[in-house]
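What follows is the content of start.txt (compact mmCIF, C-alpha atoms).
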```txt
# COMPACT_ATOMS: atom_id res chain seq x y z
CA MET A 1192 0.10 9.69 -11.72
CA MET A 1193 2.52 11.27 -14.14
CA ARG A 1194 6.09 10.77 -12.97
CA VAL A 1195 8.27 13.82 -13.15
CA ARG A 1196 11.97 14.10 -12.54
CA GLY A 1197 13.98 16.82 -10.94
CA MET A 1198 13.94 18.37 -7.54
CA GLU A 1199 12.22 21.51 -8.82
CA GLN A 1200 9.19 19.49 -9.97
CA GLY A 1201 8.82 17.50 -6.70
CA PRO A 1202 7.17 20.36 -4.78
CA THR A 1203 4.80 21.05 -7.68
CA GLU A 1204 3.87 17.40 -7.95
CA PHE A 1205 3.21 17.16 -4.21
CA ALA A 1206 1.14 20.37 -4.29
CA GLU A 1207 -0.98 18.94 -7.12
CA PHE A 1208 -1.50 15.72 -5.22
CA TYR A 1209 -2.39 17.66 -2.09
CA GLU A 1210 -4.89 19.89 -3.90
CA SER A 1211 -6.60 16.97 -5.59
CA SER A 1212 -6.90 14.69 -2.57
CA ARG A 1213 -6.98 16.72 0.64
CA ASP A 1214 -10.73 17.34 0.95
CA GLU A 1215 -11.68 13.73 0.27
CA CYS A 1216 -9.11 12.45 2.77
CA LEU A 1217 -10.27 14.93 5.40
CA ARG A 1218 -13.91 13.88 5.01
CA ILE A 1219 -13.07 10.18 5.28
CA VAL A 1220 -10.96 10.74 8.40
CA LEU A 1221 -13.64 12.98 9.87
CA LEU A 1222 -16.21 10.23 9.47
CA ASN A 1223 -13.89 7.91 11.34
CA VAL A 1224 -12.97 10.16 14.26
CA GLY A 1225 -16.02 12.40 14.56
CA ASP A 1226 -14.16 15.53 15.57
CA ARG A 1227 -13.44 18.21 12.98
CA ASP A 1228 -10.37 19.74 14.63
CA LEU A 1229 -8.89 16.34 15.40
CA ALA A 1230 -9.50 15.14 11.84
CA HIS A 1231 -7.83 18.27 10.51
CA ASP A 1232 -4.76 17.74 12.70
CA LEU A 1233 -4.51 14.08 11.76
CA VAL A 1234 -4.75 14.77 8.05
CA ALA A 1235 -2.27 17.64 8.27
CA GLU A 1236 0.12 15.31 10.10
CA ALA A 1237 -0.35 12.63 7.44
CA TYR A 1238 0.32 15.05 4.59
CA THR A 1239 3.38 16.42 6.39
CA ARG A 1240 4.75 12.88 6.62
CA ALA A 1241 3.80 12.34 2.98
CA TRP A 1242 5.78 15.43 2.04
CA MET A 1243 8.79 14.21 4.05
CA SER A 1244 8.60 10.79 2.41
CA TRP A 1245 7.40 12.04 -0.97
CA ARG A 1246 9.99 10.11 -2.95
CA LYS A 1247 8.52 6.91 -1.48
CA VAL A 1248 4.86 7.96 -1.30
CA ARG A 1249 4.70 9.13 -4.93
CA GLU A 1250 5.68 5.64 -6.08
CA LEU A 1251 2.82 3.96 -4.21
CA GLU A 1252 -0.14 2.52 -6.03
CA VAL A 1253 -2.67 4.79 -4.28
CA PRO A 1254 -0.96 7.63 -2.40
CA ARG A 1255 -4.21 8.96 -0.97
CA ALA A 1256 -4.83 5.57 0.65
CA TRP A 1257 -1.46 5.98 2.38
CA VAL A 1258 -2.57 9.40 3.66
CA VAL A 1259 -5.88 8.10 5.04
CA ARG A 1260 -4.22 5.09 6.62
CA THR A 1261 -1.47 7.20 8.17
CA ALA A 1262 -4.03 9.61 9.61
CA LEU A 1263 -6.08 6.78 11.13
CA ASN A 1264 -2.98 5.07 12.54
CA THR A 1265 -1.76 8.37 13.98
CA HIS A 1266 -5.10 8.71 15.75
CA VAL A 1267 -4.59 5.34 17.40
CA SER A 1268 -0.99 6.21 18.36
CA TRP A 1269 -1.98 9.54 19.84
CA TRP A 1270 -4.81 7.93 21.77
CA ARG A 1271 -2.55 5.23 23.18
CA ARG A 1272 0.14 7.71 24.14
CA ARG A 1273 -2.23 9.94 26.02
CA ARG A 1274 -4.10 7.02 27.56
CA HIS A 1275 -7.40 8.78 27.05
CA GLU A 1276 -10.59 6.86 26.95
CA VAL A 1277 -12.18 7.21 23.53
CA ALA A 1278 -15.82 8.11 23.96
CA LEU A 1279 -17.00 5.20 21.88
CA GLY A 1280 -20.50 5.49 23.19
CA ASN A 1281 -20.69 9.18 22.48
CA HIS A 1282 -22.99 9.83 19.58
CA ASP A 1283 -22.31 13.53 19.57
CA VAL A 1284 -20.45 14.53 16.45
CA ALA A 1285 -18.68 17.84 15.96
CA ILE A 1286 -20.11 18.19 12.49
CA PRO A 1287 -22.41 21.11 11.69
CA ALA A 1288 -26.02 20.09 12.23
CA GLU A 1289 -27.13 20.86 8.71
CA GLN A 1290 -24.40 18.65 7.32
CA ALA A 1291 -25.16 15.88 9.74
CA ALA A 1292 -28.80 15.75 8.69
CA ALA A 1293 -28.15 12.96 6.22
CA VAL A 1294 -25.75 11.17 8.52
CA SER A 1295 -27.05 8.42 10.73
CA GLY A 1296 -25.75 8.84 14.25
CA ASP A 1297 -26.12 5.09 14.75
CA LEU A 1298 -24.05 4.34 11.66
CA LEU A 1299 -21.18 6.56 12.76
CA ALA A 1300 -21.29 5.21 16.29
CA ALA A 1301 -21.09 1.69 14.87
CA LEU A 1302 -18.20 2.74 12.62
CA TRP A 1303 -16.27 4.16 15.57
CA GLN A 1304 -16.69 0.95 17.53
CA LEU A 1305 -15.23 -1.23 14.79
CA PRO A 1306 -11.76 -2.65 15.45
CA ALA A 1307 -9.03 -0.53 13.89
CA ARG A 1308 -8.29 -2.96 11.07
CA GLN A 1309 -11.95 -3.22 10.05
CA ARG A 1310 -12.19 0.57 9.97
CA GLU A 1311 -9.14 0.69 7.71
CA VAL A 1312 -10.72 -1.81 5.33
CA VAL A 1313 -14.01 0.12 5.31
CA ALA A 1314 -12.16 3.38 4.59
CA LEU A 1315 -10.21 1.88 1.69
CA ARG A 1316 -12.81 -0.46 0.18
CA LEU A 1317 -16.00 1.51 0.61
CA LEU A 1318 -15.01 5.15 0.96
CA LEU A 1319 -11.97 5.29 -1.31
CA ASP A 1320 -13.59 2.62 -3.48
CA LEU A 1321 -10.45 0.51 -3.90
CA ASP A 1322 -10.88 -3.07 -5.03
CA THR A 1323 -10.02 -6.02 -2.81
CA GLU A 1324 -6.65 -6.73 -4.42
CA THR A 1325 -5.48 -3.13 -4.18
CA THR A 1326 -6.69 -2.86 -0.58
CA ALA A 1327 -4.79 -6.03 0.27
CA ARG A 1328 -1.58 -4.67 -1.23
CA VAL A 1329 -1.93 -1.31 0.52
CA LEU A 1330 -2.51 -2.94 3.91
CA GLY A 1331 -0.01 -5.74 3.41
CA ILE A 1332 -2.56 -8.47 4.08
CA ALA A 1333 -4.07 -11.26 2.01
CA PRO A 1334 -7.13 -10.53 -0.18
CA GLY A 1335 -9.06 -13.17 1.71
CA THR A 1336 -8.32 -11.35 4.95
CA VAL A 1337 -9.62 -8.11 3.42
CA GLY A 1338 -12.82 -9.93 2.55
CA ALA A 1339 -13.15 -11.34 6.06
CA HIS A 1340 -12.66 -7.94 7.70
CA LEU A 1341 -15.11 -6.33 5.28
CA HIS A 1342 -17.70 -9.01 5.89
CA LYS A 1343 -17.57 -8.50 9.65
CA ALA A 1344 -17.56 -4.72 9.38
CA VAL A 1345 -20.48 -4.64 6.96
CA ALA A 1346 -22.53 -6.94 9.17
CA THR A 1347 -22.02 -4.60 12.10
CA LEU A 1348 -22.69 -1.45 10.12
CA ARG A 1349 -25.72 -2.87 8.33
CA ALA A 1350 -27.38 -3.52 11.66
CA ALA A 1351 -27.04 0.18 12.46
CA ILE A 1352 -28.79 1.34 9.30
CA PRO A 1353 -32.60 1.63 9.56
CA SER A 1354 -34.41 -0.63 7.15
CA ARG A 1355 -36.25 1.25 4.40
CA ASP A 1356 -38.66 -1.55 3.60
CA SER A 1357 -39.99 -2.30 7.02
CA GLN A 1358 -43.66 -1.90 6.18
CA GLU A 1359 -45.60 -5.09 5.73
CA ILE A 1360 -48.35 -5.14 3.20
CA SER A 1361 -51.33 -7.35 3.76
CA ILE A 1362 -53.14 -8.56 0.72
CA MET B 1229 -30.54 -9.94 1.42
CA LYS B 1230 -27.51 -11.08 -0.58
CA ALA B 1231 -24.05 -10.26 0.71
CA ALA B 1232 -23.34 -8.01 -2.27
CA ASP B 1233 -26.57 -6.11 -1.61
CA THR B 1234 -25.60 -5.65 2.02
CA VAL B 1235 -22.23 -4.22 1.02
CA ALA B 1236 -23.99 -1.90 -1.42
CA VAL B 1237 -26.38 -0.64 1.26
CA VAL B 1238 -23.55 0.07 3.67
CA ARG B 1239 -21.44 1.67 0.94
CA ASP B 1240 -24.34 3.91 -0.08
CA SER B 1241 -24.94 4.99 3.49
CA LEU B 1242 -21.28 5.75 4.12
CA THR B 1243 -20.79 7.63 0.87
CA THR B 1244 -23.96 9.60 1.59
CA ALA B 1245 -22.48 10.45 4.96
CA ARG B 1246 -19.19 11.45 3.35
CA ASP B 1247 -20.90 13.50 0.63
CA SER B 1248 -22.95 15.30 3.26
CA LEU B 1249 -19.65 16.77 4.39
CA SER B 1250 -19.12 18.57 1.07
CA GLY B 1251 -18.76 21.85 2.94
CA VAL B 1252 -15.85 20.52 4.98
CA ARG B 1253 -12.55 21.52 3.42
CA MET B 1254 -8.87 21.16 4.25
CA ASN B 1255 -7.92 24.80 4.28
CA THR B 1256 -4.24 24.47 5.13
CA PRO B 1257 -2.24 25.76 2.15
CA PRO B 1258 0.28 23.33 0.63
CA ASP B 1259 3.22 25.58 1.40
CA VAL B 1260 2.38 25.34 5.12
CA ILE B 1261 2.52 21.55 4.87
CA ALA B 1262 5.89 21.83 3.12
CA ARG B 1263 7.17 24.29 5.72
CA ASN B 1264 6.18 21.93 8.53
CA GLY B 1265 7.93 19.12 6.71
CA HIS B 1266 11.10 21.20 6.33
CA ALA B 1267 11.06 22.13 10.01
CA ARG B 1268 10.59 18.54 11.08
CA ARG B 1269 13.42 17.37 8.85
CA ARG B 1270 15.73 19.91 10.45
CA LEU B 1271 14.68 18.69 13.90
CA HIS B 1272 15.26 15.06 12.94
CA ARG B 1273 18.70 15.82 11.56
CA LEU B 1274 19.54 17.64 14.77
CA ALA B 1275 18.17 14.84 16.94
CA GLY B 1276 20.07 12.24 14.94
CA LEU B 1277 23.26 14.24 15.21
CA THR B 1278 22.73 14.77 18.93
CA GLY B 1279 22.03 11.08 19.44
CA ALA B 1280 25.11 10.08 17.49
CA MET B 1281 27.23 12.54 19.45
CA ALA B 1282 25.77 11.23 22.69
CA VAL B 1283 26.66 7.70 21.71
CA PHE B 1284 30.11 8.75 20.58
CA ALA B 1285 30.62 10.72 23.78
CA GLY B 1286 29.50 7.73 25.80
CA THR B 1287 31.92 5.52 23.96
CA ALA B 1288 34.79 7.96 24.39
CA LEU B 1289 34.09 8.28 28.10
CA ALA B 1290 34.01 4.52 28.48
CA VAL B 1291 37.32 4.15 26.70
CA THR B 1292 38.86 6.95 28.76
CA ALA B 1293 37.60 5.46 32.00
CA LEU B 1294 38.96 2.05 31.18
CA ALA B 1295 42.27 3.43 30.03
CA SER B 1296 42.75 5.52 33.13
CA SER B 1297 41.67 2.90 35.62
CA GLY B 1298 43.76 0.22 34.08
CA HIS B 1299 43.92 -3.08 35.82
CA ALA B 1300 45.83 -3.37 39.03
CA ALA B 1301 47.81 -6.57 39.12
CA SER B 1302 47.49 -8.54 42.29
CA PRO B 1303 50.69 -8.96 44.20
CA GLY B 1304 52.60 -11.91 42.89
CA HIS B 1305 50.52 -12.21 39.72
CA THR B 1306 51.16 -10.90 36.26
CA ALA B 1307 48.74 -8.35 34.75
CA SER B 1308 45.73 -9.78 32.85
CA HIS B 1309 44.82 -9.02 29.24
CA PRO B 1310 43.94 -5.36 28.54
CA ARG B 1311 40.20 -4.94 28.46
CA ALA B 1312 38.43 -4.17 25.20
CA ALA B 1313 36.63 -0.80 24.97
CA ARG B 1314 32.94 -1.03 25.73
CA LEU B 1315 30.72 0.27 22.95
CA ALA B 1316 27.04 1.19 23.10
CA ALA B 1317 24.97 -2.01 22.96
CA TRP B 1318 22.35 -0.42 20.70
CA THR B 1319 21.22 2.90 19.28
CA VAL B 1320 17.87 4.13 18.00
CA ALA B 1321 17.73 7.03 15.54
CA ARG B 1322 14.74 8.57 13.84
CA GLN B 1323 15.38 9.16 10.14
CA SER B 1324 14.25 12.17 8.17
CA GLY B 1325 11.41 10.20 6.55
CA GLY B 1326 10.04 9.13 9.92
CA ASP B 1327 11.59 5.66 9.84
CA ILE B 1328 13.31 4.34 12.95
CA LYS B 1329 16.83 2.97 12.49
CA VAL B 1330 17.86 0.41 15.09
CA THR B 1331 21.49 -0.63 15.43
CA ILE B 1332 22.16 -3.52 17.77
CA ARG B 1333 25.63 -4.65 18.71
CA GLN B 1334 24.41 -6.84 21.51
CA LEU B 1335 20.99 -7.34 23.00
CA SER B 1336 21.77 -6.13 26.49
CA ASP B 1337 19.47 -3.74 28.33
CA PRO B 1338 16.39 -4.87 26.37
CA ALA B 1339 14.20 -2.81 28.73
CA GLY B 1340 16.08 0.32 27.70
CA LEU B 1341 15.68 -0.46 24.02
CA GLN B 1342 12.01 -1.20 24.58
CA SER B 1343 11.48 2.12 26.39
CA THR B 1344 13.31 4.05 23.70
CA LEU B 1345 11.25 2.53 20.90
CA ARG B 1346 8.02 3.21 22.79
CA ALA B 1347 9.09 6.79 23.40
CA ASP B 1348 9.50 7.10 19.64
CA GLY B 1349 5.91 5.99 19.20
CA VAL B 1350 6.61 2.38 18.28
CA SER B 1351 4.68 -0.21 20.28
CA ALA B 1352 7.40 -2.69 21.13
CA SER B 1353 8.28 -5.78 23.12
CA VAL B 1354 12.01 -6.49 23.50
CA THR B 1355 13.66 -9.39 25.28
CA SER B 1356 17.21 -10.66 25.32
CA THR B 1357 16.18 -14.29 25.33
CA THR B 1358 15.02 -16.74 22.71
CA GLN B 1359 11.83 -17.29 24.64
CA HIS B 1360 8.64 -15.54 23.57
CA ASP B 1361 7.09 -13.20 26.10
CA PRO B 1362 4.02 -15.11 27.38
CA SER B 1363 2.02 -11.89 27.62
CA CYS B 1364 2.38 -11.39 23.85
CA ARG B 1365 0.25 -12.92 21.13
CA PRO B 1366 1.79 -13.42 17.69
CA TYR B 1367 0.34 -11.23 14.94
CA PRO B 1368 -0.17 -12.88 11.54
CA MET B 1369 2.37 -11.43 9.14
CA THR B 1370 2.54 -11.84 5.37
CA GLN B 1371 5.80 -11.37 3.54
CA ALA B 1372 4.44 -8.12 2.07
CA LEU B 1373 3.58 -6.78 5.49
CA PHE B 1374 6.94 -7.82 6.87
CA ASN B 1375 8.79 -6.14 4.00
CA SER B 1376 6.80 -2.96 4.45
CA ILE B 1377 7.72 -2.73 8.14
CA TYR B 1378 11.26 -4.05 8.37
CA GLN B 1379 14.25 -3.37 6.18
CA ALA B 1380 17.68 -4.75 6.93
CA GLN B 1381 20.73 -2.56 6.54
CA ASN B 1382 24.13 -4.08 6.94
CA ALA B 1383 27.40 -2.59 5.85
CA ALA B 1384 29.87 -5.14 4.57
CA GLY B 1385 31.92 -6.50 7.40
CA SER B 1386 29.76 -4.76 10.00
CA ALA B 1387 29.48 -6.50 13.32
CA ASN B 1388 26.15 -4.92 14.11
CA SER B 1389 22.59 -5.82 13.33
CA ILE B 1390 20.99 -2.84 11.65
CA PHE B 1391 17.40 -2.61 10.53
CA VAL B 1392 14.91 0.11 9.83
CA ILE B 1393 11.33 0.13 11.07
CA ASP B 1394 8.64 2.03 9.18
CA PRO B 1395 6.11 2.91 11.91
CA SER B 1396 3.54 4.07 9.37
CA ALA B 1397 3.40 0.54 7.93
CA LEU B 1398 2.70 -1.00 11.32
CA PRO B 1399 -0.94 -2.09 11.69
CA SER B 1400 -2.66 -0.05 14.35
CA ASP B 1401 -3.27 -3.13 16.49
CA ALA B 1402 0.25 -4.49 16.23
CA GLY B 1403 3.64 -3.87 17.77
CA VAL B 1404 7.18 -4.95 16.94
CA GLN B 1405 8.87 -7.76 18.81
CA ILE B 1406 12.63 -8.14 19.09
CA GLY B 1407 14.44 -10.99 20.76
CA ALA B 1408 17.28 -13.43 20.27
CA ALA B 1409 17.12 -16.16 17.68
CA THR B 1410 18.05 -19.77 18.27
CA GLY B 1411 20.90 -21.35 16.39
CA GLN B 1412 18.52 -23.47 14.29
CA GLN B 1413 16.74 -20.38 13.03
CA THR B 1414 19.91 -18.92 11.57
CA VAL B 1415 21.53 -21.98 10.04
CA GLY B 1416 22.27 -21.39 6.38
CA TYR B 1417 20.84 -17.88 6.28
CA ARG B 1418 22.19 -14.40 6.12
CA GLY B 1419 20.37 -11.11 6.38
CA LEU B 1420 16.67 -10.74 7.17
CA HIS B 1421 14.50 -13.70 6.40
CA GLN B 1422 11.10 -14.91 7.47
CA THR B 1423 11.05 -18.13 9.44
CA THR B 1424 7.45 -18.47 10.55
CA VAL B 1425 4.20 -16.71 9.82
CA ASN B 1426 4.85 -14.00 12.37
CA GLN B 1427 8.54 -13.63 12.82
CA ALA B 1428 11.77 -13.29 10.98
CA VAL B 1429 15.38 -13.60 11.90
CA HIS B 1430 18.09 -11.08 11.29
CA ASP B 1431 21.38 -12.83 11.12
CA SER B 1432 24.49 -10.70 11.17
CA ARG B 1433 26.70 -13.72 11.57
CA HIS B 1434 30.20 -12.68 12.44
CA GLN B 1435 33.06 -13.36 14.76
CA ALA B 1436 32.74 -10.21 16.81
CA THR B 1437 33.21 -11.44 20.30
CA ALA B 1438 36.20 -13.05 21.77
CA ARG B 1439 34.13 -16.13 22.53
CA GLY B 1440 33.10 -16.42 18.87
CA HIS B 1441 29.35 -16.17 19.52
CA ASN B 1442 27.21 -15.31 16.58
CA ILE B 1443 24.63 -12.61 17.06
CA ALA B 1444 21.22 -13.27 15.55
CA LEU B 1445 18.06 -11.35 16.26
CA ARG B 1446 14.47 -12.45 16.00
CA VAL B 1447 12.07 -9.72 14.83
CA GLY B 1448 8.37 -10.06 14.37
CA LEU B 1449 4.93 -8.70 15.11
CA VAL B 1450 2.69 -9.13 18.12
CA TYR B 1451 -0.76 -7.87 19.00
CA ALA B 1452 -0.43 -4.56 20.81
CA SER B 1453 -1.56 -4.66 24.42
CA GLN B 1454 -0.75 -2.96 27.69
CA GLN B 1455 1.02 -6.05 29.02
CA CYS B 1456 2.96 -6.87 25.88
CA THR B 1457 3.85 -3.62 24.13
CA GLY B 1458 2.84 -1.03 26.70
CA SER B 1459 -0.08 0.29 24.63
```

Please rewrite the model in this file as structure tokens.
Amino acid sequence: MMRVRGMEQGPTEFAEFYESSRDECLRIVLLNVGDRDLAHDLVAEAYTRAWMSWRKVRELEVPRAWVVRTALNTHVSWWRRRRHEVALGNHDVAIPAEQAAAVSGDLLAALWQLPARQREVVALRLLLDLDTETTARVLGIAPGTVGAHLHKAVATLRAAIPSRDSQEISI
Amino acid sequence: MKAADTVAVVRDSLTTARDSLSGVRMNTPPDVIARNGHARRRLHRLAGLTGAMAVFAGTALAVTALASSGHAASPGHTASHPRAARLAAWTVARQSGGDIKVTIRQLSDPAGLQSTLRADGVSASVTSTTQHDPSCRPYPMTQALFNSIYQAQNAAGSANSIFVIDPSALPSDAGVQIGAATGQQTVGYRGLHQTTVNQAVHDSRHQATARGHNIALRVGLVYASQQCTGS
């Protein structure tokens, strides 16, 4: 990201970052929480915090990873504060039916039931496509730990994906 | 199937799921985000000012009360030493960037500090002893993670322990832990330093009290749970 100086360029730089990253971040958070309005609120909250801490956030290696992580952590905080039971077993997703056609309900349900840290790793490694080292630095954990979390998460998620090659051929 | 293939299958499925949401857009204009940020900054400044005034008012009241009550000498005995003014044991203030600044003069009323941190959205376990809370499990903490969460702030000659917590850096399954450090943990150190894999010690060594006790805090991470951190 090009670094610019001067207070008058800060708002422009944030606006450019926001424009270029907001849709992707929203979609990743939506996959993780399953509710469109909730995802929108979480992402708006994350970007508001990013704006307030822009001097710090703009210096990060991957600012959009900070936004996604903040949104997911905010979800957990809000849930804990309200003491609501998360409908982990609920496969209903507030995503328009035509858009959900390609989405496996089992896959999303499995994603929602992952521990918070594994979901973070999945979001950064697989959806934001960060490498292991970068993910480790963003999360403040060791690369080996990233690998361990990813391994467990992938094993769980893989089991939820229907096999494409399930037909046996007899010769 | 090889591990790399498994990751690829899961990645493909998730990215397909994400791409299927191409019609989903974040429609909030950037100037609305900025306006919300401005408004929240104003609120934080006001809250910080109010908190500081409340602390100052509390201190002034305490001094006034002590000064007016004085100390009645018992018949036949000379008056004792004038009492020192009582200051607030700790304060918690939310900064404009969302960080939480904690100033601790002495670790009394740990339950109050714990409640205040939790009310500010920080899962926390606070004790005034050197003993670990048995209901808490230590959370593995790398130096990088520690540095991203805690930052020490000490003015030269300050008698207080001051550190800043970044709640956004806190893992979602972790909470902060604050307690007293043992003498061994502070020997030879100043400032904030990591002593074990999941805790650090903040040593604001000074001669603040009349008895010459040093004040050292132990800060670290624990797994968040209802019993330990209240969430």

* Could you list, as a PyMOL selection string, every residue of chain B that has an atom within 7 Å of an atom of chain A, counting all atoms listed in the file? -> chain B and resi 1234-1235+1238-1239+1243+1245-1246+1248-1249+1252-1254+1258+1261-1262+1264-1265+1325+1349+1370+1372-1373+1396+1400-1401+1459

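Here atom CA of B:Val1354 is placed at a distance of 7.1 Å from atom CA of B:Leu1341.
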
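Atom CA of A:Pro1334 sits 16.9 Å away from atom CA of B:Tyr1367.
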
* Asked: Near B:Arg1365, within 8 Å and counting all atoms listed in the file, which residues show up once chain neighbours fewer than 2 positions away are dropped, as a ChimeraX atom specification?
  -> /B:1362-1363,1367,1450-1451

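Considering the residues A:Gly1201, A:Asp1228, A:Pro1353, A:Ala1300 and counting only C-alpha atoms, B:Asn1255 has its shortest atom-to-atom contact with A:Asp1228.
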
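Distance-wise, atom CA of A:Glu1324 and atom CA of A:Val1312 end up 11.7 Å apart.
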
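Using all atoms listed in the file, every residue with an atom at most 8 Å from the point (13.8, -4.0, 17.2) is listed here: Val1330, Leu1341, Leu1345, Ala1352, Val1354, Phe1391, Ile1393, Val1404, Gln1405, Ile1406, Gly1407 and Val1447 of chain B.
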
Writer output for current selection, C-alpha atoms, as a JSON list (two decimals), keeping the file's coordinate frame:
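Written output follows (again.json):
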```json
[["chain", "number", "residue", "atom", "x", "y", "z"],
["B", 1330, "VAL", "CA", 17.86, 0.41, 15.09],
["B", 1341, "LEU", "CA", 15.68, -0.46, 24.02],
["B", 1345, "LEU", "CA", 11.25, 2.53, 20.90],
["B", 1352, "ALA", "CA", 7.40, -2.69, 21.13],
["B", 1354, "VAL", "CA", 12.01, -6.49, 23.50],
["B", 1391, "PHE", "CA", 17.40, -2.61, 10.53],
["B", 1393, "ILE", "CA", 11.33, 0.13, 11.07],
["B", 1404, "VAL", "CA", 7.18, -4.95, 16.94],
["B", 1405, "GLN", "CA", 8.87, -7.76, 18.81],
["B", 1406, "ILE", "CA", 12.63, -8.14, 19.09],
["B", 1407, "GLY", "CA", 14.44, -10.99, 20.76],
["B", 1447, "VAL", "CA", 12.07, -9.72, 14.83]]
```
